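Chemist: mmCIF, C-alpha atoms, file my_file08.cif:
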```
data_upload
#
loop_
_atom_site.label_atom_id
_atom_site.label_comp_id
_atom_site.auth_asym_id
_atom_site.auth_seq_id
_atom_site.Cartn_x
_atom_site.Cartn_y
_atom_site.Cartn_z
CA MET A 56 -29.00 1.01 -52.50
CA ILE A 57 -26.53 3.43 -50.86
CA ASP A 58 -28.61 6.20 -49.33
CA ILE A 59 -25.79 8.33 -47.90
CA ASP A 60 -26.06 12.02 -48.70
CA ILE A 61 -22.33 12.65 -49.11
CA ILE A 62 -22.70 16.29 -50.15
CA GLY A 63 -25.06 17.07 -47.27
CA GLN A 64 -22.68 15.46 -44.81
CA LEU A 65 -19.53 17.01 -46.23
CA LEU A 66 -20.65 20.63 -46.47
CA PRO A 67 -20.80 22.33 -43.08
CA ASN A 68 -24.39 22.95 -42.06
CA PRO A 69 -24.79 25.94 -39.66
CA VAL A 70 -27.84 24.42 -37.98
CA THR A 71 -26.08 21.15 -37.30
CA MET A 72 -22.99 22.95 -36.10
CA LEU A 73 -24.99 25.16 -33.75
CA VAL A 74 -26.86 22.15 -32.41
CA GLN A 75 -23.59 20.31 -31.95
CA LEU A 76 -22.08 23.28 -30.10
CA CYS A 77 -25.05 23.50 -27.77
CA SER A 78 -25.12 19.74 -27.18
CA THR A 79 -21.43 19.68 -26.39
CA LEU A 80 -21.86 22.58 -23.99
CA VAL A 81 -24.83 20.96 -22.26
CA LEU A 82 -23.06 17.62 -22.05
CA PHE A 83 -19.91 19.29 -20.74
CA LEU A 84 -21.85 21.09 -18.03
CA VAL A 85 -23.63 17.89 -17.03
CA VAL A 86 -20.38 15.92 -16.92
CA LYS A 87 -18.63 18.64 -14.94
CA LYS A 88 -21.46 19.20 -12.47
CA PHE A 89 -22.46 15.59 -11.88
CA LEU A 90 -20.01 12.94 -13.04
CA TRP A 91 -16.77 14.82 -12.38
CA ASN A 92 -17.79 16.06 -8.95
CA SER A 93 -19.16 12.67 -7.91
CA VAL A 94 -16.05 10.82 -8.99
CA VAL A 95 -13.73 13.36 -7.40
CA ASN A 96 -15.72 13.24 -4.17
CA MET A 97 -15.69 9.47 -4.11
CA LEU A 98 -11.96 9.29 -4.83
CA ASP A 99 -11.29 11.87 -2.13
CA LYS A 100 -13.36 9.92 0.36
CA ARG A 101 -11.61 6.72 -0.59
CA SER A 102 -8.17 8.21 -0.27
CA GLU A 103 -9.14 9.74 3.07
CA ALA A 104 -10.41 6.39 4.29
CA MET A 105 -7.28 4.67 3.04
CA GLN A 106 -5.12 7.26 4.73
CA SER A 107 -6.94 6.82 8.01
CA GLU A 108 -6.66 3.05 7.72
CA LEU A 109 -2.98 3.39 6.98
CA ASN A 110 -2.56 5.62 10.00
CA GLU A 111 -4.43 3.13 12.13
CA ALA A 112 -2.27 0.30 10.87
CA GLU A 113 0.82 2.36 11.61
CA MET A 114 -0.44 3.02 15.13
CA LEU A 115 -1.22 -0.65 15.70
CA LYS A 116 2.23 -1.59 14.46
CA LYS A 117 3.80 0.86 16.87
CA GLN A 118 1.70 -0.50 19.70
CA ALA A 119 2.71 -4.04 18.83
CA GLU A 120 6.35 -3.02 18.77
CA MET A 121 5.97 -1.36 22.13
CA ALA A 122 4.30 -4.45 23.58
CA ASN A 123 7.09 -6.57 22.18
CA GLU A 124 9.69 -4.33 23.79
CA GLU A 125 7.80 -4.47 27.06
CA ALA A 126 7.62 -8.26 26.91
CA LYS A 127 11.35 -8.48 26.19
CA LYS A 128 12.06 -6.16 29.09
CA GLN A 129 9.88 -8.21 31.41
CA LEU A 130 11.51 -11.42 30.24
CA LYS A 131 14.93 -9.95 30.92
CA GLU A 132 13.81 -8.76 34.36
CA ALA A 133 12.41 -12.18 35.14
CA SER A 134 15.60 -13.88 34.09
CA ASP A 135 17.65 -11.42 36.17
CA THR A 136 15.43 -12.04 39.15
CA SER A 137 15.72 -15.80 38.79
CA LYS A 138 19.50 -15.54 38.52
CA MET A 139 19.52 -13.37 41.61
CA ILE A 140 17.34 -15.86 43.50
CA VAL A 141 19.60 -18.75 42.52
CA ALA A 142 22.71 -16.81 43.57
CA LYS A 143 21.09 -15.88 46.86
CA ALA A 144 20.10 -19.47 47.51
CA GLU A 145 23.63 -20.62 46.74
CA ASN A 146 25.07 -18.07 49.13
CA GLU A 147 22.62 -19.03 51.82
CA GLY A 148 23.42 -22.71 51.32
CA LYS A 149 27.11 -21.98 51.59
CA ALA A 150 26.55 -20.00 54.74
CA VAL A 151 24.47 -22.77 56.25
CA LYS A 152 27.13 -25.29 55.30
CA GLU A 153 29.87 -23.22 56.88
CA GLN A 154 27.81 -22.68 59.95
CA LEU A 155 27.13 -26.37 60.22
CA LEU A 156 30.79 -27.19 59.71
CA ALA A 157 31.81 -24.62 62.27
CA SER A 158 29.33 -25.87 64.84
CA ALA A 159 30.36 -29.47 64.21
CA LYS A 160 34.01 -28.54 64.60
CA LYS A 161 33.26 -26.61 67.79
CA GLU A 162 31.31 -29.52 69.18
CA ALA A 163 34.12 -31.89 68.35
CA GLU A 164 36.61 -29.55 69.97
CA ASP A 165 34.34 -29.22 73.00
CA LYS A 166 34.05 -32.95 73.26
CA LEU A 167 37.78 -33.34 72.90
CA ALA A 168 38.38 -30.71 75.56
CA SER A 169 35.92 -32.29 77.93
CA ALA A 170 37.48 -35.68 77.32
CA ARG A 171 40.90 -34.20 78.11
CA ARG A 172 39.54 -32.55 81.22
CA GLU A 173 38.06 -35.84 82.28
CA ILE A 174 41.32 -37.62 81.63
CA GLU A 175 43.17 -34.95 83.63
CA TYR A 176 40.69 -35.24 86.41
CA GLU A 177 40.97 -39.03 86.46
CA LYS A 178 44.73 -38.70 86.45
CA LYS A 179 44.64 -36.34 89.41
CA GLN A 180 42.21 -38.58 91.13
CA MET A 181 44.40 -41.55 90.57
CA ARG A 182 47.47 -39.67 91.74
CA SER A 183 45.81 -38.52 94.90
CA GLU A 184 44.55 -42.03 95.49
CA MET A 185 47.99 -43.32 94.88
CA ILE A 186 49.51 -40.75 97.24
CA SER A 187 47.01 -41.59 99.94
CA GLU A 188 47.72 -45.26 99.38
CA MET A 189 51.45 -44.53 99.55
CA VAL A 190 50.89 -42.61 102.75
CA GLU A 191 48.94 -45.49 104.06
CA VAL A 192 51.68 -47.87 103.00
CA ALA A 193 54.18 -45.57 104.64
CA MET A 194 52.11 -45.51 107.74
CA VAL A 195 51.90 -49.26 107.69
CA ALA A 196 55.61 -49.51 107.12
CA THR A 197 56.27 -47.02 109.90
CA GLU A 198 54.05 -48.94 112.26
CA LYS A 199 55.85 -52.05 111.27
CA LEU A 200 59.19 -50.45 111.89
CA ILE A 201 58.05 -49.06 115.19
CA GLN A 202 56.82 -52.46 116.17
CA GLU A 203 60.01 -54.11 115.17
CA LYS A 204 61.97 -51.44 117.29
CA ALA A 205 64.92 -51.49 115.10
CA ASP A 206 67.89 -49.23 115.77
CA ALA A 207 68.02 -45.72 114.62
CA LYS A 208 70.49 -46.32 111.88
CA GLU A 209 68.52 -49.06 110.42
CA ASP A 210 65.44 -46.93 110.76
CA GLN A 211 67.09 -44.12 108.97
CA ALA A 212 68.31 -46.40 106.23
CA ALA A 213 64.93 -48.02 105.91
CA ILE A 214 63.11 -44.71 105.63
CA GLU A 215 65.58 -43.41 103.11
CA ARG A 216 65.28 -46.49 101.09
CA PHE A 217 61.59 -46.28 101.33
CA VAL A 218 61.52 -42.63 100.28
CA LYS A 219 63.85 -43.46 97.44
CA GLU A 220 61.58 -46.20 96.34
CA ILE A 221 58.65 -43.86 96.57
CA SER A 222 60.47 -41.19 94.55
CA GLU A 223 61.47 -43.74 91.96
CA LEU A 224 57.91 -44.82 91.80
CA HIS A 225 56.85 -41.21 91.64
CA GLU A 226 59.29 -40.14 88.89
CA PRO A 227 57.73 -41.77 85.84
CA VAL A 228 54.39 -40.26 86.70
CA ASN A 229 55.79 -36.75 86.14
CA MET B 268 -24.50 26.20 -47.50
CA HIS B 269 -27.34 23.86 -46.72
CA LEU B 270 -29.68 25.49 -44.27
CA GLU B 271 -32.19 22.66 -44.03
CA ILE B 272 -32.42 20.71 -40.79
CA GLN B 273 -30.54 17.46 -41.23
CA SER B 274 -31.71 14.19 -39.73
CA ASP B 275 -28.43 14.09 -37.78
CA VAL B 276 -29.69 17.03 -35.71
CA PHE B 277 -32.31 14.81 -34.09
CA VAL B 278 -29.78 12.07 -33.52
CA ILE B 279 -27.46 14.60 -31.85
CA ILE B 280 -30.24 15.97 -29.62
CA GLY B 281 -31.49 12.50 -28.74
CA LEU B 282 -28.01 11.21 -28.01
CA THR B 283 -27.20 14.24 -25.86
CA ALA B 284 -30.42 13.84 -23.90
CA ILE B 285 -29.85 10.12 -23.30
CA LEU B 286 -26.22 10.70 -22.30
CA CYS B 287 -27.27 13.50 -19.92
CA PHE B 288 -29.81 11.28 -18.18
CA ALA B 289 -27.39 8.37 -18.05
CA ILE B 290 -24.63 10.53 -16.60
CA ILE B 291 -26.93 12.07 -13.99
CA ALA B 292 -28.20 8.62 -13.01
CA LEU B 293 -24.67 7.26 -12.81
CA SER B 294 -23.53 10.20 -10.71
CA LYS B 295 -26.38 9.62 -8.29
CA LYS B 296 -25.34 5.99 -8.09
CA ILE B 297 -21.74 6.95 -7.43
CA ASP B 298 -22.84 9.44 -4.77
CA GLN B 299 -24.86 6.78 -3.01
CA ALA B 300 -22.13 4.14 -3.23
CA ASP B 301 -20.12 3.43 -0.12
CA PRO B 302 -16.63 4.76 -0.85
CA LEU B 303 -15.03 2.09 1.35
CA ALA B 304 -16.82 -0.90 -0.16
CA LYS B 305 -15.62 -2.58 -3.33
CA PRO B 306 -17.45 -0.77 -6.15
CA GLY B 307 -19.57 -2.63 -8.67
CA ILE B 308 -18.44 -3.29 -12.24
CA LEU B 309 -20.25 -0.24 -13.64
CA ILE B 310 -18.92 2.16 -11.04
CA SER B 311 -15.45 0.62 -11.31
CA ALA B 312 -15.52 1.15 -15.08
CA ILE B 313 -16.59 4.78 -14.69
CA LEU B 314 -13.95 5.40 -12.04
CA TRP B 315 -11.33 3.78 -14.23
CA LEU B 316 -12.37 5.86 -17.25
CA VAL B 317 -12.37 9.12 -15.34
CA THR B 318 -9.09 8.53 -13.52
CA THR B 319 -7.33 7.26 -16.65
CA LEU B 320 -8.41 10.23 -18.73
CA ASP B 321 -7.61 12.61 -15.89
CA SER B 322 -4.09 11.21 -15.49
CA GLN B 323 -3.59 11.51 -19.26
CA VAL B 324 -4.71 15.13 -19.17
CA LYS B 325 -2.48 15.80 -16.15
CA SER B 326 0.59 14.39 -17.86
CA ASN B 327 -0.07 16.59 -20.90
CA VAL B 328 -1.15 19.91 -19.49
CA GLY B 329 -0.32 19.72 -15.76
CA GLY B 330 -2.50 19.55 -12.69
CA LYS B 331 -3.63 23.18 -12.65
CA ILE B 332 -5.38 23.17 -16.02
CA SER B 333 -6.43 19.52 -15.88
CA LYS B 334 -9.13 20.44 -13.34
CA ARG B 335 -10.87 22.41 -16.09
CA LEU B 336 -9.80 20.37 -19.11
CA SER B 337 -10.46 16.86 -17.76
CA PRO B 338 -14.28 17.21 -17.68
CA TYR B 339 -14.18 18.40 -21.29
CA ILE B 340 -11.97 15.51 -22.38
CA ILE B 341 -14.29 13.08 -20.59
CA THR B 342 -17.29 14.70 -22.28
CA ILE B 343 -15.94 14.49 -25.82
CA SER B 344 -14.49 11.02 -25.36
CA ILE B 345 -17.87 9.67 -24.24
CA TYR B 346 -19.74 11.62 -26.91
CA ILE B 347 -17.44 10.76 -29.81
CA PHE B 348 -17.15 7.09 -28.90
CA ILE B 349 -20.90 6.62 -28.53
CA SER B 350 -21.45 8.55 -31.78
CA ASN B 351 -18.92 6.39 -33.60
CA ILE B 352 -20.52 3.12 -32.54
CA LEU B 353 -24.07 4.33 -33.13
CA GLY B 354 -23.92 2.51 -36.48
CA LEU B 355 -24.13 -0.74 -34.50
CA PHE B 356 -27.61 0.23 -33.33
CA GLY B 357 -28.82 1.12 -36.81
CA PHE B 358 -28.49 4.91 -36.51
CA ALA B 359 -26.39 7.17 -38.68
CA SER B 360 -23.30 8.21 -36.73
CA PRO B 361 -23.35 11.97 -36.03
CA THR B 362 -19.56 11.91 -36.41
CA ALA B 363 -20.08 10.83 -40.05
CA ASN B 364 -21.37 14.38 -40.57
CA TYR B 365 -18.63 16.93 -41.25
CA SER B 366 -20.54 19.69 -39.45
CA VAL B 367 -20.29 17.71 -36.21
CA THR B 368 -16.60 16.91 -36.40
CA LEU B 369 -15.81 20.42 -37.60
CA MET B 370 -17.64 21.91 -34.62
CA LEU B 371 -15.84 19.61 -32.18
CA THR B 372 -12.51 20.48 -33.76
CA ILE B 373 -13.31 24.20 -33.66
CA ILE B 374 -13.80 23.90 -29.90
CA THR B 375 -10.43 22.17 -29.51
CA TRP B 376 -8.76 24.65 -31.86
CA THR B 377 -10.21 27.62 -29.98
CA MET B 378 -8.95 26.20 -26.70
CA THR B 379 -5.50 25.77 -28.24
CA GLN B 380 -5.48 29.40 -29.37
CA ILE B 381 -6.62 30.55 -25.92
CA ALA B 382 -3.87 28.49 -24.28
CA GLN B 383 -1.31 30.03 -26.61
CA LEU B 384 -2.61 33.54 -25.92
CA LYS B 385 -2.63 33.00 -22.18
CA ALA B 386 0.81 31.43 -22.10
CA GLY B 387 2.66 34.07 -24.18
CA GLY B 388 0.37 37.09 -24.35
CA PHE B 389 -1.09 38.79 -27.38
CA GLY B 390 2.26 40.08 -28.67
CA ALA B 391 3.88 36.68 -28.66
CA TYR B 392 0.79 35.19 -30.29
CA MET B 393 0.89 37.68 -33.13
CA HIS B 394 4.64 37.33 -33.42
CA SER B 395 4.30 33.57 -33.88
CA PHE B 396 2.81 34.30 -37.33
CA ILE B 397 6.04 35.83 -38.63
CA GLU B 398 8.47 33.33 -37.14
CA PRO B 399 11.24 32.68 -37.93
CA ILE B 400 11.12 35.40 -40.65
CA PRO B 401 8.18 37.48 -41.96
CA VAL B 402 8.22 35.54 -45.26
CA PHE B 403 6.72 32.59 -43.37
CA LEU B 404 3.49 34.50 -42.69
CA PRO B 405 1.33 32.61 -45.25
CA MET B 406 2.73 29.25 -44.13
CA ASN B 407 2.13 30.08 -40.50
CA ILE B 408 -1.47 31.08 -41.26
CA PHE B 409 -1.99 27.79 -43.10
CA GLY B 410 -0.28 25.99 -40.23
CA LYS B 411 -2.70 27.53 -37.74
CA PHE B 412 -5.69 26.23 -39.63
CA SER B 413 -4.26 22.96 -40.89
CA SER B 414 -4.76 21.22 -37.57
CA LEU B 415 -8.40 22.31 -37.68
CA LEU B 416 -8.85 20.70 -41.07
CA SER B 417 -6.80 17.57 -40.42
CA MET B 418 -8.44 16.74 -37.10
CA SER B 419 -12.00 17.27 -38.32
CA LEU B 420 -11.48 15.48 -41.63
CA ARG B 421 -9.69 12.53 -39.99
CA LEU B 422 -12.59 11.76 -37.68
CA PHE B 423 -15.22 12.48 -40.31
CA GLY B 424 -13.49 10.47 -43.04
CA ASN B 425 -12.86 7.40 -40.91
CA ILE B 426 -16.39 7.14 -39.60
CA LEU B 427 -18.05 8.02 -42.93
CA CYS B 428 -15.85 5.46 -44.74
CA GLY B 429 -16.83 2.83 -42.23
CA SER B 430 -20.51 3.45 -42.83
CA ILE B 431 -20.05 3.58 -46.61
CA ILE B 432 -18.14 0.31 -46.63
CA MET B 433 -20.75 -1.32 -44.41
CA SER B 434 -23.55 -0.08 -46.73
CA LEU B 435 -21.70 -1.46 -49.74
CA LEU B 436 -21.19 -4.74 -47.96
CA TYR B 437 -24.86 -5.02 -47.04
CA SER B 438 -25.78 -4.35 -50.68
CA PHE B 439 -23.29 -6.93 -51.87
CA THR B 440 -24.34 -9.64 -49.43
CA GLY B 441 -28.01 -8.90 -50.27
CA TRP B 442 -27.33 -9.38 -53.96
CA LEU B 443 -25.26 -12.52 -53.33
CA SER B 444 -27.92 -14.02 -51.06
CA THR B 445 -30.58 -13.45 -53.72
CA MET B 446 -28.35 -15.06 -56.35
CA ILE B 447 -27.73 -18.16 -54.21
CA VAL B 448 -31.39 -18.58 -53.31
CA SER B 449 -32.58 -18.02 -56.90
CA LEU B 450 -30.37 -20.91 -58.02
CA ILE B 451 -32.69 -23.20 -56.05
CA ILE B 452 -35.99 -21.32 -56.08
CA PRO B 453 -36.56 -18.52 -58.61
CA VAL B 454 -37.12 -15.36 -56.51
CA THR B 455 -36.53 -11.65 -57.16
CA SER B 456 -35.26 -10.86 -53.62
CA ALA B 457 -34.23 -13.14 -50.78
CA PHE B 458 -33.37 -12.72 -47.08
CA ASN B 459 -29.87 -11.33 -46.70
CA PHE B 460 -28.58 -14.32 -44.71
CA LEU B 461 -24.93 -13.83 -45.75
CA ALA B 462 -24.89 -10.51 -43.92
CA LEU B 463 -25.45 -12.37 -40.64
CA VAL B 464 -22.25 -14.33 -41.22
CA ILE B 465 -19.93 -11.74 -42.73
CA THR B 466 -20.88 -8.37 -41.27
CA PRO B 467 -20.40 -8.87 -37.47
CA VAL B 468 -16.60 -9.09 -37.80
CA LEU B 469 -16.51 -5.99 -40.00
CA HIS B 470 -18.86 -4.14 -37.66
CA ALA B 471 -16.48 -4.95 -34.85
CA TYR B 472 -13.64 -3.52 -36.90
CA PHE B 473 -15.25 -0.44 -38.49
CA ASP B 474 -17.50 0.58 -35.64
CA LEU B 475 -15.90 -0.60 -32.42
CA PHE B 476 -12.20 -0.63 -33.28
CA ALA B 477 -12.10 2.35 -35.64
CA GLY B 478 -14.55 4.21 -33.42
CA PHE B 479 -12.36 3.62 -30.36
CA ILE B 480 -9.13 4.49 -32.17
CA GLN B 481 -10.55 7.68 -33.66
CA THR B 482 -11.86 8.74 -30.25
CA LEU B 483 -8.46 8.11 -28.74
CA ILE B 484 -6.73 10.05 -31.52
CA PHE B 485 -9.11 12.97 -31.19
CA ILE B 486 -8.77 13.36 -27.42
CA THR B 487 -5.02 12.74 -27.51
CA LEU B 488 -4.54 15.43 -30.16
CA THR B 489 -6.72 17.82 -28.17
CA MET B 490 -4.58 17.29 -25.06
CA VAL B 491 -1.28 17.43 -26.96
CA PHE B 492 -2.17 20.57 -28.93
CA ILE B 493 -3.19 22.39 -25.76
CA GLY B 494 -0.22 21.00 -23.83
CA ASN B 495 2.23 22.09 -26.54
CA GLU B 496 1.16 25.70 -26.20
CA LEU B 497 1.73 25.78 -22.45
CA PRO B 498 5.13 26.58 -20.93
CA ASP B 499 6.76 23.71 -19.04
CA ASP B 500 6.63 25.34 -15.61
CA MET B 501 2.85 25.61 -15.94
CA LYS B 502 2.62 21.85 -16.49
CA LEU B 503 4.72 21.04 -13.44
CA ASN B 504 2.30 22.76 -11.07
CA ASP B 505 0.10 20.28 -9.40
#
```
Rewrite the structure from the file as structure tokens, please.

Modeler:
Amino acid sequence: MIDIDIIGQLLPNPVTMLVQLCSTLVLFLVVKKFLWNSVVNMLDKRSEAMQSELNEAEMLKKQAEMANEEAKKQLKEASDTSKMIVAKAENEGKAVKEQLLASAKKEAEDKLASARREIEYEKKQMRSEMISEMVEVAMVATEKLIQEKADAKEDQAAIERFVKEISELHEPVN
Amino acid sequence: MHLEIQSDVFVIIGLTAILCFAIIALSKKIDQADPLAKPGILISAILWLVTTLDSQVKSNVGGKISKRLSPYIITISIYIFISNILGLFGFASPTANYSVTLMLTIITWTMTQIAQLKAGGFGAYMHSFIEPIPVFLPMNIFGKFSSLLSMSLRLFGNILCGSIIMSLLYSFTGWLSTMIVSLIIPVTSAFNFLALVITPVLHAYFDLFAGFIQTLIFITLTMVFIGNELPDDMKLND
């Protein structure tokens, strides 16, 4: 039943050993020339490709970071600009307000001054009218006195009295 | 000495030829494959095998020597493993022949001696025979050749035992099948149906498992023996 030639397999056979040596050598050369080189080439190519992809990814990351920085910078600039615009507008508004206030005040002052001038003018007018009326009254009184032909003393007294009356009338005006 | 041509010789030549063609075909396939695309299962397996063995060799003997040693380790690991499991396909395993395992071990042993000679020089090599004192000369000579014997006999014995046990088992199941059938119908020999049930598990153990383990042991010992002879600074070089 058991057809294993133990003795034949146990004792070293030079032919088998030589064949084994040659086979191992041939197989080794084939593995080294074909399989080993192919695998090493493929692994090298893969690692190269991976390295280049890694480099690319690194570059893209850097670019993204740069873009982010740029965006932040632009945002900051925009916010600065807007702040500046608001401040400028506030200043301008203040200036306009002050100008308006100043012009309104000046106008009011002008109006007040012109009103005063008018009042003064009216006053003067009235005074001169009054004086001319007084002169007229004096003239009338004089004519009356002349017509009545009163004596000198009485005339003198009447004129004085008249002048006094006039001055008394005149006093409160000043 | 038996000088007749054993049947194993044809198995060895046939196996070598088939492996050569398969390796060349695989290499062509790997060359044509796109290195950036995800490799197929076959190519992935080959890549995994080669890189795993290469890293093992590197850790044992360093990067400088691994460039020369790795292809050899790959060669013998493929050859020994396929030889060990050849029993599954109905052939006699070449590794169940002592001439084969002895020759493979002689190659490893010679490489070990070369490594030792290169690392220390001829003087140191000769001096290692009389270390620590000259009285140890016979023991050192035995020690030099003991690894040769132990490695070759370990592989040979394991694989031969596996095939002997499987032969015994086939005989036994054949006898048992005939006995069971003859209880019902009187026959002189019946179909060995029990073998179909019992033997697959044992084939998996004796051929696949033992074959794999013995391959691993053989290549590991080859790497370790060579690595042991090399000085540490040689191993650190990448």

Chemist: Between B:Ser337, B:Ser344, B:Thr368, B:Ser360, single out the one closest to Leu420 in chain B, counting only C-alpha atoms.

Modeler: B:Thr368

Chemist: Using all atoms listed in the file, determine which residues of chain A fall within 12 Å of chain B; present them as a PyMOL selection string.

Modeler: chain A and resi 56-108

Chemist: Just give me the gap between CA of Gly429 in chain B and CA of Leu320 in chain B in Å, one decimal is fine.

Modeler: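 Interatomic distance, CA of Gly429 in chain B to CA of Leu320 in chain B: 26.0 Å.
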
Chemist: If you take every atom of range 373-380 of chain B that the file lists and fit an axis-aligned box around them with 8 Å extra on each side, what centre and edge lengths come out in Å to one decimal, as AutoDock Vina command-line options?

Modeler:
```
--center_x -9.6 --center_y 25.8 --center_z -30.2 --size_x 24.3 --size_y 23.2 --size_z 23.0
```

Chemist: Expand the PyMOL selection byres ((chain B and resi 440) around 10) into the individual residues it matches in the shown file, reporting them as a list of chain:residue names.

Modeler: B:Ser434, B:Leu435, B:Leu436, B:Tyr437, B:Ser438, B:Phe439, B:Gly441, B:Trp442, B:Leu443, B:Ser444, B:Thr445, B:Met446, B:Phe458, B:Asn459, B:Phe460, B:Leu461, B:Ala462, B:Leu463, B:Val464, B:Ile465, B:Thr466

Chemist: Take CA of Ser395 in chain B and CA of Gly330 in chain B and report the distance between them in Å, one decimal.

Modeler: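 The value is 26.3 Å.
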
Chemist: Could you tell me how far CA of Ile381 in chain B sits from CA of Ser414 in chain B, in Å to one decimal place?

Modeler: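 Distance between the two atoms: 15.0 Å.
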
Chemist: Evaluated on this file, the PyMOL selection byres ((chain B and resi 485) around 9) picks out some residues - which ones are they, written as a PyMOL selection string?

Modeler: chain B and resi 343-344+347+372+418-419+421-422+480-484+486-490

Chemist: Which one is closest to Met194 in chain A: A:Phe217, A:Leu115, A:Glu173, A:Ala122? Count all atoms listed in the file.

Modeler: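 Under the stated criterion, the closest residue is A:Phe217.
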